[in-house]
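> Please see the structure below; I have some questions.
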Amino acid sequence: MIHAVQHEAAVRGGRPEPLPPSIASYVWRHSGKHQVGLSVLSAMVFLLSVWPLEIQRRIINDAISSGSLSAIVGLSVVYLGIAILEGVLKFILNLYRGWVSETAVRHLRMTILGLCGHASQSSASHEQGGVAIALVLSGADPVGSFVGISLSEPLLQSGILVGVLGYMAYLRPEFALASTLLFLPQMIFVRTPPVSAALAK
């Protein structure tokens, strides 16, 4: 694998492109338009995730209360259609994320080998070669995986949380308030670094 990447980096030729100063810059420079596409898919998934809650409520409150079999069947078909559409969109989203991640891994490996090869032209070193191999084999995968989910995953999870809380606030504001108060200790004491801060590291 390393030899194949080295060969492709050599075919590209010329001075290798320098790495951006932060992960955020790397994500945006090499997958900016794909991040937009992933964000759109994530928004579609979390918007669809709220509708099954309303359909379940209507099945219980309207269809069963009135005893209308046709209403139950109709709402069940709509529920099934939304569930299938959401599953298909999730599959496409995960497939798209995987492709973006693998593309980033491949590009990062070629960039690392190109930079190390350019530096070794002036001062060859076994230590330098070992560092390059370690970065190519183990260092590129986590960064590439992060590129695939860096924006879409926080957007998806936040959208689902806000959507469910908003739906609860529409039906029973007191339940939404209680749920928000339940999450507050976790947000205060078990804080997760913001995405922007994590990307900047």
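Following the order of the structure tokens, chains are lettered A, B, ..., residues in each are numbered from 1, and ligands are numbered from 1.
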Taking only C-alpha atoms into account, produce a table as a tab-separated table in which each residue of stretch 87-120 of chain A with an atom at most 10 Å from an atom of stretch 139-158 of chain A appears once, together with its shortest atom pair and the distance in Å to one decimal, ordered by chain and rising number.


```
residue	atom	partner	partner_atom	distance
A:Leu93	CA	A:Ser152	CA	8.9
A:Asn94	CA	A:Gly148	CA	9.0
A:Leu95	CA	A:Gly148	CA	10.0
A:Tyr96	CA	A:Gly148	CA	8.1
A:Arg97	CA	A:Gly148	CA	4.6
A:Gly98	CA	A:Gly148	CA	6.5
A:Trp99	CA	A:Gly148	CA	7.9
A:Val100	CA	A:Gly148	CA	5.3
A:Ser101	CA	A:Gly144	CA	4.6
A:Glu102	CA	A:Gly144	CA	6.4
A:Thr103	CA	A:Gly144	CA	7.6
A:Ala104	CA	A:Gly144	CA	5.0
A:Val105	CA	A:Gly144	CA	4.6
A:Arg106	CA	A:Ala140	CA	8.1
A:His107	CA	A:Gly144	CA	9.1
A:Leu108	CA	A:Ala140	CA	6.3
A:Arg109	CA	A:Ala140	CA	6.4
A:Ile112	CA	A:Ala140	CA	9.0
```

> Contacts of A:Ile160 at 10 Å or less, counting only C-alpha atoms, minus same-chain residues fewer than 5 places along, as number ranges by chain?

A: 42-43, 45-50, 154-155, 165-166

> With N, CA, C and O atoms kept, could you save the residues just selected as a short mmCIF file (atom, residue, chain, number, x, y, z; two decimals), in the first residue's frame?


```cif
data_model
loop_
_atom_site.label_atom_id
_atom_site.label_comp_id
_atom_site.auth_asym_id
_atom_site.auth_seq_id
_atom_site.Cartn_x
_atom_site.Cartn_y
_atom_site.Cartn_z
N SER A 42 -27.94 15.31 6.37
CA SER A 42 -28.18 15.23 7.81
C SER A 42 -29.44 15.99 8.20
O SER A 42 -30.23 15.51 9.03
N ALA A 43 -29.65 17.17 7.59
CA ALA A 43 -30.86 17.94 7.89
C ALA A 43 -32.11 17.19 7.45
O ALA A 43 -33.13 17.18 8.17
N VAL A 45 -32.45 13.95 7.29
CA VAL A 45 -32.65 12.81 8.19
C VAL A 45 -33.28 13.27 9.50
O VAL A 45 -34.24 12.66 9.99
N PHE A 46 -32.76 14.34 10.12
CA PHE A 46 -33.32 14.73 11.41
C PHE A 46 -34.70 15.36 11.28
O PHE A 46 -35.50 15.30 12.21
N LEU A 47 -35.01 15.95 10.12
CA LEU A 47 -36.37 16.44 9.92
C LEU A 47 -37.36 15.30 9.78
O LEU A 47 -38.49 15.36 10.30
N LEU A 48 -36.94 14.23 9.10
CA LEU A 48 -37.81 13.06 8.97
C LEU A 48 -37.98 12.32 10.29
O LEU A 48 -38.99 11.64 10.49
N SER A 49 -37.00 12.44 11.18
CA SER A 49 -37.07 11.68 12.43
C SER A 49 -38.18 12.17 13.36
O SER A 49 -38.58 11.43 14.27
N VAL A 50 -38.69 13.38 13.16
CA VAL A 50 -39.74 13.92 14.02
C VAL A 50 -41.13 13.45 13.58
O VAL A 50 -42.02 13.24 14.41
N PRO A 154 -22.40 16.20 14.27
CA PRO A 154 -22.96 17.15 15.25
C PRO A 154 -24.27 17.76 14.79
O PRO A 154 -25.18 17.97 15.60
N LEU A 155 -24.38 18.06 13.49
CA LEU A 155 -25.62 18.63 12.96
C LEU A 155 -26.77 17.65 13.09
O LEU A 155 -27.88 18.02 13.50
N LEU A 165 -37.23 17.91 21.28
CA LEU A 165 -37.61 18.87 22.33
C LEU A 165 -38.65 19.87 21.82
O LEU A 165 -39.57 20.25 22.55
N GLY A 166 -38.50 20.30 20.57
CA GLY A 166 -39.48 21.22 19.99
C GLY A 166 -40.85 20.58 19.85
O GLY A 166 -41.88 21.22 20.10
#
```

> Measure the distance from atom CA of A:Gly74 to atom CA of A:Arg57 in Å and round it to one decimal.

13.8 Å

> What does the distance between atom CA of A:Met187 and atom CA of A:Phe175 come to in Å, to one decimal place?

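Distance reported for this atom pair: 18.4 Å.
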
> Quick one: pull the distance between atom CA of A:Ile82 and atom CA of A:Met44, Å, one decimal.

11.5 Å

> Given only C-alpha atoms as the basis, pick out the residue of A:Thr111, A:Gln186, A:Ser76, A:Ser25 nearest to A:Ile55.

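Of A:Thr111, A:Gln186, A:Ser76, A:Ser25, the one nearest A:Ile55 is A:Ser76, counting only C-alpha atoms.
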
> At a cut-off of 9 Å, using only C-alpha atoms, what residues contact A:Ala63? Leave out same-chain residues fewer than 6 positions from it and give the result as a VMD selection string.

chain A and resid 69 to 72 75
